[in-house]
>>> print(open('work_24.txt').read())   # compact mmCIF, C-alpha atoms and all ligand atoms
# COMPACT_ATOMS: atom_id res chain seq x y z
CA MET A 255 24.62 9.68 5.99
CA THR A 256 23.78 10.41 9.63
CA ALA A 257 21.39 12.60 11.62
CA ALA A 258 22.07 13.44 15.27
CA ARG A 259 18.39 13.43 16.25
CA PRO A 260 15.25 11.94 14.66
CA LEU A 261 13.93 12.94 11.25
CA LEU A 262 10.21 13.68 11.04
CA VAL A 263 8.28 13.30 7.78
CA VAL A 264 4.85 14.93 7.60
CA GLY A 265 2.95 13.08 4.86
CA GLY A 266 4.05 9.55 4.00
CA GLY A 267 2.58 9.34 0.48
CA LYS A 268 4.36 8.78 -2.83
CA MET A 269 7.15 11.35 -2.48
CA GLY A 270 7.54 11.10 1.29
CA GLY A 271 7.70 7.30 1.00
CA ALA A 272 10.22 7.41 -1.87
CA LEU A 273 12.50 9.76 0.07
CA MET A 274 12.36 7.65 3.24
CA ALA A 275 13.15 4.49 1.24
CA GLY A 276 16.15 6.34 -0.25
CA TRP A 277 17.36 7.46 3.19
CA ILE A 278 17.15 3.94 4.61
CA SER A 279 19.01 2.53 1.60
CA ARG A 280 21.75 5.12 2.28
CA GLY A 281 22.21 3.97 5.88
CA ILE A 282 19.81 6.09 7.96
CA PRO A 283 18.36 3.69 10.57
CA ALA A 284 14.59 3.29 10.23
CA ALA A 285 14.42 3.76 14.01
CA ASP A 286 15.52 7.40 13.50
CA ILE A 287 12.59 8.17 11.16
CA PHE A 288 9.17 9.23 12.43
CA VAL A 289 6.20 9.90 10.16
CA VAL A 290 2.92 11.72 10.69
CA GLU A 291 0.48 10.06 8.30
CA PRO A 292 -3.29 10.05 8.93
CA ASN A 293 -4.10 7.72 6.01
CA PRO A 294 -4.32 4.26 7.70
CA ASP A 295 -3.41 2.34 4.53
CA ASN A 296 -0.30 4.43 3.93
CA ALA A 297 0.57 4.32 7.65
CA SER A 298 0.49 0.53 7.92
CA ALA A 299 2.41 0.11 4.63
CA LEU A 300 5.16 2.45 5.88
CA ALA A 301 5.48 0.66 9.21
CA ARG A 302 5.50 -2.76 7.50
CA ASP A 303 7.72 -2.01 4.49
CA LEU A 304 10.16 0.55 5.90
CA GLY A 305 10.02 -0.13 9.64
CA VAL A 306 9.61 3.57 10.48
CA THR A 307 7.53 4.82 13.42
CA VAL A 308 4.18 6.21 12.31
CA ALA A 309 1.88 8.59 14.20
CA ALA A 310 -1.60 9.56 13.02
CA ALA A 311 -1.19 13.21 14.07
CA ALA A 312 1.44 15.62 15.42
CA ASP A 313 -0.14 15.29 18.90
CA ASP A 314 0.66 11.55 18.90
CA LEU A 315 4.45 12.07 18.69
CA PRO A 316 6.43 11.09 21.81
CA PRO A 317 6.71 13.65 24.64
CA ASP A 318 9.84 15.86 24.39
CA PHE A 319 10.25 14.84 20.74
CA LEU A 320 12.65 17.29 19.03
CA PRO A 321 13.52 16.34 15.44
CA GLU A 322 16.64 17.51 13.65
CA LEU A 323 14.57 17.94 10.50
CA VAL A 324 10.87 18.15 9.65
CA MET A 325 10.06 17.38 6.02
CA PHE A 326 6.68 18.54 4.77
CA ALA A 327 5.48 16.15 2.04
CA VAL A 328 1.74 16.83 1.99
CA LYS A 329 -0.17 18.27 -0.95
CA PRO A 330 0.29 22.03 -1.44
CA GLN A 331 -3.46 22.64 -1.00
CA VAL A 332 -3.43 21.47 2.63
CA MET A 333 0.00 22.88 3.59
CA ALA A 334 -1.25 26.05 5.31
CA ASP A 335 -3.55 23.96 7.53
CA VAL A 336 -0.88 21.35 8.34
CA VAL A 337 2.23 23.45 9.13
CA PRO A 338 1.09 25.30 12.32
CA ALA A 339 1.00 22.02 14.30
CA TYR A 340 4.82 21.94 14.01
CA LEU A 341 5.38 25.43 15.47
CA PRO A 342 6.76 23.92 18.73
CA PHE A 343 9.82 22.71 16.76
CA ALA A 344 10.61 26.15 15.29
CA GLY A 345 14.03 27.14 16.63
CA PRO A 346 17.74 26.73 15.94
CA ALA A 347 17.68 22.96 16.60
CA THR A 348 15.38 22.05 13.69
CA VAL A 349 15.36 22.68 9.95
CA PHE A 350 12.09 22.50 7.98
CA LEU A 351 12.27 21.06 4.47
CA SER A 352 9.31 21.43 2.10
CA ILE A 353 8.98 19.45 -1.13
CA ALA A 354 5.59 20.97 -2.01
CA ALA A 355 5.32 22.33 -5.52
CA GLY A 356 4.70 26.07 -5.72
CA THR A 357 4.50 26.73 -1.95
CA PRO A 358 6.75 29.72 -1.16
CA ILE A 359 9.15 29.99 1.79
CA ALA A 360 7.03 32.95 2.97
CA LEU A 361 4.10 30.63 3.78
CA PHE A 362 6.31 28.62 6.18
CA GLU A 363 7.77 31.80 7.70
CA ASP A 364 4.21 33.09 8.27
CA CYS A 365 3.20 29.84 10.03
CA LEU A 366 6.44 29.08 11.91
CA GLY A 367 7.82 32.54 12.64
CA GLU A 368 11.02 34.31 11.65
CA VAL A 369 13.23 32.01 13.76
CA ALA A 370 12.42 29.00 11.59
CA ALA A 371 15.13 27.59 9.31
CA ILE A 372 13.38 26.67 6.06
CA VAL A 373 14.48 24.93 2.88
CA ARG A 374 12.15 24.74 -0.09
CA VAL A 375 12.90 22.20 -2.80
CA MET A 376 11.34 21.46 -6.17
CA PRO A 377 11.82 17.74 -6.89
CA ASN A 378 10.46 15.80 -9.86
CA THR A 379 8.76 12.44 -10.25
CA PRO A 380 11.83 10.34 -11.24
CA ALA A 381 12.78 10.78 -7.57
CA ALA A 382 10.48 7.79 -7.04
CA VAL A 383 13.11 5.63 -8.83
CA GLY A 384 16.11 7.40 -7.34
CA ARG A 385 16.75 9.46 -10.49
CA GLY A 386 15.18 12.80 -9.58
CA ALA A 387 16.46 16.30 -10.28
CA SER A 388 15.84 18.73 -7.40
CA VAL A 389 16.57 22.41 -6.94
CA ALA A 390 16.57 23.82 -3.41
CA CYS A 391 16.54 27.27 -1.86
CA ALA A 392 17.21 28.11 1.82
CA ASN A 393 16.16 31.05 3.95
CA ALA A 394 18.69 33.05 5.97
CA ARG A 395 18.16 30.98 9.14
CA VAL A 396 19.49 27.75 7.62
CA THR A 397 23.00 26.91 8.89
CA ASP A 398 25.69 25.26 6.76
CA ALA A 399 25.21 22.02 8.71
CA GLN A 400 21.44 22.09 8.13
CA GLN A 401 21.95 22.78 4.41
CA LYS A 402 24.34 19.83 4.21
CA LEU A 403 21.83 17.57 5.98
CA CYS A 404 19.09 18.59 3.49
CA HIS A 405 21.49 18.13 0.58
CA ASP A 406 22.48 14.63 1.73
CA LEU A 407 18.85 13.60 2.30
CA LEU A 408 17.73 14.88 -1.11
CA THR A 409 20.71 13.26 -2.84
CA ALA A 410 19.27 9.92 -1.77
CA VAL A 411 16.70 10.25 -4.60
CA GLY A 412 18.74 11.97 -7.32
CA GLN A 413 20.78 15.07 -8.12
CA VAL A 414 20.39 18.31 -6.13
CA HIS A 415 21.22 21.90 -7.04
CA TRP A 416 20.93 25.02 -4.88
CA VAL A 417 19.87 28.53 -5.89
CA GLU A 418 19.81 31.70 -3.80
CA ASP A 419 17.00 33.35 -5.76
CA GLU A 420 13.69 31.61 -4.90
CA ASP A 421 12.11 33.18 -7.98
CA LEU A 422 14.17 30.80 -10.16
CA LEU A 423 12.05 27.91 -8.87
CA HIS A 424 9.33 28.94 -11.34
CA ALA A 425 11.69 28.24 -14.25
CA VAL A 426 12.84 25.04 -12.51
CA THR A 427 9.21 23.96 -12.27
CA GLY A 428 8.78 24.64 -15.99
CA LEU A 429 11.86 22.60 -16.90
CA SER A 430 12.60 19.69 -14.54
CA GLY A 431 9.38 19.76 -12.46
CA SER A 432 7.03 19.41 -15.43
CA GLY A 433 9.70 17.97 -17.76
CA PRO A 434 9.00 14.27 -17.23
CA ALA A 435 5.51 14.83 -18.68
CA TYR A 436 7.02 16.41 -21.81
CA VAL A 437 9.15 13.31 -22.31
CA PHE A 438 6.15 11.01 -21.82
CA HIS A 439 4.35 13.09 -24.44
CA LEU A 440 7.28 12.61 -26.82
CA VAL A 441 6.67 8.85 -26.49
CA GLU A 442 3.03 9.42 -27.49
CA CYS A 443 4.10 11.52 -30.48
CA LEU A 444 6.63 8.93 -31.66
CA ALA A 445 3.99 6.20 -31.35
CA ARG A 446 1.51 8.19 -33.43
CA ALA A 447 4.19 8.91 -36.03
CA GLY A 448 5.01 5.20 -36.21
CA ARG A 449 1.34 4.31 -36.74
CA GLU A 450 1.01 6.91 -39.46
CA ALA A 451 4.15 5.50 -41.12
CA GLY A 452 2.33 2.15 -41.36
CA LEU A 453 3.36 0.23 -38.23
CA PRO A 454 0.79 -1.82 -36.26
CA GLU A 455 -0.33 0.04 -33.12
CA ASP A 456 1.27 -2.36 -30.59
CA LEU A 457 4.60 -2.31 -32.38
CA ALA A 458 4.60 1.51 -32.72
CA ASN A 459 3.79 1.93 -29.00
CA SER A 460 6.42 -0.55 -27.94
CA LEU A 461 9.15 0.93 -30.16
CA ALA A 462 8.37 4.50 -29.08
CA ARG A 463 8.59 3.60 -25.42
CA ALA A 464 11.76 1.52 -25.76
CA THR A 465 13.44 4.24 -27.82
CA VAL A 466 12.94 6.92 -25.17
CA GLU A 467 13.86 4.53 -22.33
CA GLY A 468 16.99 3.40 -24.17
CA ALA A 469 18.08 6.87 -25.27
CA GLY A 470 17.61 8.15 -21.71
CA GLU A 471 19.71 5.33 -20.30
CA LEU A 472 22.40 5.88 -22.96
CA LEU A 473 22.51 9.57 -22.05
CA HIS A 474 22.71 8.63 -18.37
CA ARG A 475 25.63 6.27 -18.93
CA SER A 476 27.50 8.68 -21.24
CA ALA A 477 28.29 11.22 -18.54
CA THR A 478 31.19 12.78 -20.46
CA ASP A 479 29.36 13.07 -23.80
CA THR A 480 27.09 16.03 -24.46
CA PRO A 481 23.66 15.44 -26.05
CA ASP A 482 25.08 17.18 -29.11
CA THR A 483 27.87 14.58 -29.38
CA LEU A 484 25.46 11.67 -28.89
CA ARG A 485 23.17 13.09 -31.58
CA ARG A 486 26.01 13.64 -34.05
CA ASN A 487 27.29 10.10 -33.38
CA VAL A 488 24.10 8.65 -34.92
CA THR A 489 23.61 11.22 -37.70
CA SER A 490 25.40 10.34 -40.93
CA PRO A 491 25.44 13.14 -43.52
CA GLY A 492 22.65 12.53 -46.02
CA GLY A 493 21.30 9.58 -43.99
CA THR A 494 17.90 8.74 -42.53
CA THR A 495 18.45 10.36 -39.10
CA ALA A 496 19.65 13.56 -40.77
CA ALA A 497 16.47 13.60 -42.87
CA GLY A 498 14.30 13.30 -39.75
CA LEU A 499 16.29 15.84 -37.73
CA THR A 500 16.08 18.36 -40.56
CA VAL A 501 12.33 18.49 -39.92
CA LEU A 502 12.75 18.95 -36.14
CA MET A 503 15.63 21.40 -36.43
CA GLY A 504 14.40 23.38 -39.43
CA GLY A 505 17.53 22.87 -41.51
CA ASP A 506 21.00 21.36 -41.43
CA PRO A 507 21.37 19.08 -38.33
CA ASN A 508 25.03 20.14 -38.10
CA LYS A 509 24.22 23.82 -37.74
CA ASP A 510 25.90 25.85 -34.98
CA ASP A 511 22.73 26.61 -32.99
CA PRO A 512 21.03 23.17 -32.83
CA ALA A 513 18.51 24.17 -30.16
CA HIS A 514 17.02 26.79 -32.48
CA GLY A 515 14.46 25.39 -34.87
CA PRO A 516 10.83 24.21 -34.91
CA LEU A 517 11.18 21.76 -31.98
CA GLY A 518 13.51 24.06 -30.05
CA ASP A 519 11.04 26.93 -30.37
CA LEU A 520 8.13 24.69 -29.28
CA VAL A 521 10.01 23.45 -26.21
CA THR A 522 11.09 26.98 -25.28
CA GLY A 523 7.44 28.06 -25.43
CA CYS A 524 6.40 25.01 -23.44
CA VAL A 525 8.82 25.67 -20.55
CA ALA A 526 7.93 29.38 -20.56
CA ALA A 527 4.19 28.56 -20.35
CA ALA A 528 4.74 26.20 -17.41
CA ALA A 529 6.94 28.75 -15.59
CA LYS A 530 4.29 31.43 -16.17
CA ARG A 531 1.59 29.15 -14.75
CA SER A 532 3.80 28.45 -11.71
CA ARG A 533 4.01 32.22 -11.06
CA GLU A 534 0.23 32.59 -11.45
CA LEU A 535 -0.44 29.75 -8.97
CA ALA A 536 1.90 31.36 -6.43
CA GLU A 537 0.01 34.70 -6.46
N1 LIG Z 601 4.45 13.04 -6.64
C1 LIG Z 601 5.44 13.69 -7.23
O1 LIG Z 601 6.02 13.22 -8.17
C2 LIG Z 601 5.89 15.03 -6.75
C3 LIG Z 601 6.88 15.73 -7.47
C4 LIG Z 601 7.31 16.96 -6.98
C5 LIG Z 601 6.80 17.47 -5.79
N2 LIG Z 601 5.83 16.75 -5.13
C6 LIG Z 601 5.28 17.32 -3.92
O2 LIG Z 601 5.33 16.33 -2.91
C7 LIG Z 601 4.23 16.55 -2.02
C8 LIG Z 601 3.55 15.21 -1.75
O3 LIG Z 601 3.08 14.72 -3.00
P1 LIG Z 601 2.70 13.19 -3.14
O4 LIG Z 601 2.52 12.94 -4.59
O5 LIG Z 601 3.62 12.35 -2.35
O6 LIG Z 601 1.26 13.20 -2.44
P2 LIG Z 601 0.49 11.99 -1.72
O7 LIG Z 601 0.93 10.69 -2.29
O8 LIG Z 601 -0.96 12.35 -1.73
O9 LIG Z 601 1.04 12.05 -0.23
C9 LIG Z 601 0.63 12.99 0.71
C10 LIG Z 601 0.31 12.23 1.98
O10 LIG Z 601 0.07 13.17 3.03
C11 LIG Z 601 -1.04 12.69 3.78
N3 LIG Z 601 -1.64 13.75 4.58
C12 LIG Z 601 -2.78 14.46 4.36
N4 LIG Z 601 -3.00 15.31 5.38
C13 LIG Z 601 -1.98 15.16 6.26
C14 LIG Z 601 -1.66 15.75 7.51
N5 LIG Z 601 -2.42 16.69 8.08
N6 LIG Z 601 -0.52 15.34 8.14
C15 LIG Z 601 0.28 14.41 7.58
N7 LIG Z 601 0.00 13.80 6.40
C16 LIG Z 601 -1.10 14.17 5.75
C17 LIG Z 601 -1.95 12.15 2.71
O11 LIG Z 601 -2.96 11.33 3.28
P3 LIG Z 601 -4.36 11.18 2.46
O12 LIG Z 601 -4.05 10.27 1.33
O13 LIG Z 601 -5.29 10.61 3.46
O14 LIG Z 601 -4.72 12.57 2.01
C18 LIG Z 601 -0.96 11.37 1.86
O15 LIG Z 601 -0.70 10.08 2.37
C19 LIG Z 601 3.30 17.56 -2.67
O16 LIG Z 601 3.40 18.79 -2.00
C20 LIG Z 601 3.82 17.68 -4.07
O17 LIG Z 601 3.70 19.01 -4.57
C21 LIG Z 601 5.36 15.56 -5.57
>>> encode(input="work_24.txt", output="structure tokens")
Amino acid sequence: MTAARPLLVVGGGKMGGALMAGWISRGIPAADIFVVEPNPDNASALARDLGVTVAAAADDLPPDFLPELVMFAVKPQVMADVVPAYLPFAGPATVFLSIAAGTPIALFEDCLGEVAAIVRVMPNTPAAVGRGASVACANARVTDAQQKLCHDLLTAVGQVHWVEDEDLLHAVTGLSGSGPAYVFHLVECLARAGREAGLPEDLANSLARATVEGAGELLHRSATDTPDTLRRNVTSPGGTTAAGLTVLMGGDPNKDDPAHGPLGDLVTGCVAAAAKRSRELAE
């Protein structure tokens, strides 16, 4: 992975830091990465741990600095105040990449002008361990080479998909953006169920956590098997797993429409509620 000119990261917190660590592990020289980070603790940790160059503000960047990419990784609430400082870079030489949840491309176009090439991406928290799922959307100014650069940089922390319709990012937010929290909640539900089935609290908590971790890893390593196949592989007719799944699925676990049932309906409502909230926050 290479960049012709420096990469600038605005906001070196959790996500910005995780992405930069991923880039460096994929061969981008730390010397090519500049960060604007006003938090002194984060700034010194980035310089020490990653070896990147850190400035406290946009005004402290070197004279004649012209990055190939500017990645905005600050909180959505401060984005409108932060972006205008980077207006001098708006032009064909630079692509702007935003990872801020719920912040539309239109906000960046308003701040940076119509000439600005902008990519908006919705990542999720497993990006911090290199296993994220991101969906990106580009405006009309983004060239093929700039889209490839963004794709390569995002791939450093997980899988990346592209959509042309920015509106789809609300549904993406409801599924993969908020999804890790649904899975963590499943661990809580399994732990409670174990306690109510008579297990000591520590054992129930430990088994619930290990089960979700292990099942996730098994799914990850079984790239050619569908979830349906993996589920059927551990569900003997008339057995214990079938008895449990009958409750979740509202009937025969071997039915033709496995995602329809009590749990399927709950999850569909859950994703729809999160997508609706994403739309409300964007208004
Ligand atoms: N965390 C996630 O899992 C996740 C998932 C999906 C998307 N995102 C998106 O990623 C973005 C960053 O989230 P995060 O969790 O990494 O937040 P974070 O850890 O708070 O990092 C943001 C960093 O930006 C710094 N900052 C504040 N004002 C700045 C300015 N004017 N210029 C440059 N840096 C500034 C903050 O410093 P202070 O600490 O001093 O404020 C902080 O170090 C958000 O927009 C969020 O929506 C995050």
>>> residues_around(input="work_24.txt", residues="Ser352 of chain A", least_positions_apart="6", cutoff="7 Å", atoms="only C-alpha atoms", output="ChimeraX atom specification")
/A:325-327,373-375
>>> write_last_selection(input="work_24.txt", atoms="C-alpha atoms", output="PDB file, in the frame of the given file")
ATOM      1  CA  MET A 325      10.060  17.380   6.020  1.00  0.00           C
ATOM      2  CA  PHE A 326       6.680  18.540   4.770  1.00  0.00           C
ATOM      3  CA  ALA A 327       5.480  16.150   2.040  1.00  0.00           C
ATOM      4  CA  VAL A 373      14.480  24.930   2.880  1.00  0.00           C
ATOM      5  CA  ARG A 374      12.150  24.740  -0.090  1.00  0.00           C
ATOM      6  CA  VAL A 375      12.900  22.200  -2.800  1.00  0.00           C
TER       7      VAL A 375
END
>>> residues_around(input="work_24.txt", residues="Glu420 of chain A", least_positions_apart="3", cutoff="10 Å", atoms="all atoms listed in the file", output="list in words")
Pro358, Ile359, Arg374, Val375, Val389, Ala390, Cys391, Ala392, Asn393, Trp416, Val417, Leu423 and His424 of chain A
>>> axis_aligned_box(input="work_24.txt", around="segment 348-354 of chain A", padding_each_side="3 Å", output="lines of an AutoDock Vina configuration file")
center_x = 10.5
center_y = 21.1
center_z = 5.8
size_x = 15.8
size_y = 9.2
size_z = 21.7
>>> atom_distance(input="work_24.txt", atom1="atom CA of Leu535 of chain A", atom2="atom CA of Ala370 of chain A")
24.3 Å
>>> residues_near_point(input="work_24.txt", point="(23.7, 20.6, -26.9)", cutoff="8 Å", atoms="all atoms listed in the file", output="PDB file with C-alpha atoms, keeping the file's coordinate frame")
ATOM      1  CA  THR A 480      27.090  16.030 -24.460  1.00  0.00           C
ATOM      2  CA  PRO A 481      23.660  15.440 -26.050  1.00  0.00           C
ATOM      3  CA  ASP A 482      25.080  17.180 -29.110  1.00  0.00           C
ATOM      4  CA  THR A 483      27.870  14.580 -29.380  1.00  0.00           C
ATOM      5  CA  PRO A 512      21.030  23.170 -32.830  1.00  0.00           C
ATOM      6  CA  ALA A 513      18.510  24.170 -30.160  1.00  0.00           C
TER       7      ALA A 513
END
>>> residues_around(input="work_24.txt", residues="Ala311 of chain A", least_positions_apart="5", cutoff="8 Å", atoms="only C-alpha atoms", output="ChimeraX atom specification")
/A:290-292
>>> closest_residue(input="work_24.txt", among="A:Asn487, A:Thr522, A:Asn508, A:Thr478", to="Tyr436 of chain A", atoms="all atoms listed in the file")
A:Thr522
>>> residues_near_ligand(input="work_24.txt", ligand="ligand LIG 601 (chain Z)", cutoff="6 Å", atoms="all atoms listed in the file", output="list in words")
Val264, Gly265, Gly266, Gly267, Lys268, Met269, Gly270, Val290, Glu291, Pro292, Asn293, Asn296, Ala327, Val328, Lys329, Pro330, Val336, Ile353, Ala354, Ala355, Pro377, Asn378 and Thr379 of chain A
>>> residues_around(input="work_24.txt", residues="Gly505 of chain A", least_positions_apart="6", cutoff="12 Å", atoms="only C-alpha atoms", output="list in words")
Ala496, Ala497, Gly498, Leu499, Asp511, Pro512, Ala513, His514, Gly515, Pro516 and Leu517 of chain A
>>> residues_around(input="work_24.txt", residues="Leu262 of chain A", least_positions_apart="3", cutoff="12 Å", atoms="only C-alpha atoms", output="PDB file with C-alpha atoms, keeping the file's coordinate frame")
ATOM      1  CA  ALA A 257      21.390  12.600  11.620  1.00  0.00           C
ATOM      2  CA  ARG A 259      18.390  13.430  16.250  1.00  0.00           C
ATOM      3  CA  GLY A 265       2.950  13.080   4.860  1.00  0.00           C
ATOM      4  CA  GLY A 266       4.050   9.550   4.000  1.00  0.00           C
ATOM      5  CA  GLY A 270       7.540  11.100   1.290  1.00  0.00           C
ATOM      6  CA  LEU A 273      12.500   9.760   0.070  1.00  0.00           C
ATOM      7  CA  MET A 274      12.360   7.650   3.240  1.00  0.00           C
ATOM      8  CA  ALA A 284      14.590   3.290  10.230  1.00  0.00           C
ATOM      9  CA  ALA A 285      14.420   3.760  14.010  1.00  0.00           C
ATOM     10  CA  ASP A 286      15.520   7.400  13.500  1.00  0.00           C
ATOM     11  CA  ILE A 287      12.590   8.170  11.160  1.00  0.00           C
ATOM     12  CA  PHE A 288       9.170   9.230  12.430  1.00  0.00           C
ATOM     13  CA  VAL A 289       6.200   9.900  10.160  1.00  0.00           C
ATOM     14  CA  VAL A 290       2.920  11.720  10.690  1.00  0.00           C
ATOM     15  CA  GLU A 291       0.480  10.060   8.300  1.00  0.00           C
ATOM     16  CA  VAL A 306       9.610   3.570  10.480  1.00  0.00           C
ATOM     17  CA  THR A 307       7.530   4.820  13.420  1.00  0.00           C
ATOM     18  CA  VAL A 308       4.180   6.210  12.310  1.00  0.00           C
ATOM     19  CA  ALA A 309       1.880   8.590  14.200  1.00  0.00           C
ATOM     20  CA  ALA A 311      -1.190  13.210  14.070  1.00  0.00           C
ATOM     21  CA  ALA A 312       1.440  15.620  15.420  1.00  0.00           C
ATOM     22  CA  LEU A 315       4.450  12.070  18.690  1.00  0.00           C
ATOM     23  CA  PRO A 316       6.430  11.090  21.810  1.00  0.00           C
ATOM     24  CA  PHE A 319      10.250  14.840  20.740  1.00  0.00           C
ATOM     25  CA  LEU A 320      12.650  17.290  19.030  1.00  0.00           C
ATOM     26  CA  PRO A 321      13.520  16.340  15.440  1.00  0.00           C
ATOM     27  CA  GLU A 322      16.640  17.510  13.650  1.00  0.00           C
ATOM     28  CA  LEU A 323      14.570  17.940  10.500  1.00  0.00           C
ATOM     29  CA  VAL A 324      10.870  18.150   9.650  1.00  0.00           C
ATOM     30  CA  MET A 325      10.060  17.380   6.020  1.00  0.00           C
ATOM     31  CA  PHE A 326       6.680  18.540   4.770  1.00  0.00           C
ATOM     32  CA  ALA A 327       5.480  16.150   2.040  1.00  0.00           C
ATOM     33  CA  TYR A 340       4.820  21.940  14.010  1.00  0.00           C
ATOM     34  CA  PHE A 343       9.820  22.710  16.760  1.00  0.00           C
ATOM     35  CA  THR A 348      15.380  22.050  13.690  1.00  0.00           C
ATOM     36  CA  VAL A 349      15.360  22.680   9.950  1.00  0.00           C
ATOM     37  CA  PHE A 350      12.090  22.500   7.980  1.00  0.00           C
ATOM     38  CA  LEU A 351      12.270  21.060   4.470  1.00  0.00           C
ATOM     39  CA  SER A 352       9.310  21.430   2.100  1.00  0.00           C
TER      40      SER A 352
END
>>> closest_residue(input="work_24.txt", among="A:Leu422, A:Val441, A:Ala410, A:Leu461", to="Gly276 of chain A", atoms="all atoms listed in the file")
A:Ala410
>>> atom_distance(input="work_24.txt", atom1="atom CA of Cys524 of chain A", atom2="atom CA of Gly356 of chain A")
17.8 Å
>>> atom_distance(input="work_24.txt", atom1="atom CA of Glu442 of chain A", atom2="atom CA of Pro380 of chain A")
18.5 Å
>>> residues_near_point(input="work_24.txt", point="(9.6, 27.4, 15.2)", cutoff="7 Å", atoms="all atoms listed in the file", output="PyMOL selection string")
chain A and resi 341-345+366-367+369-370
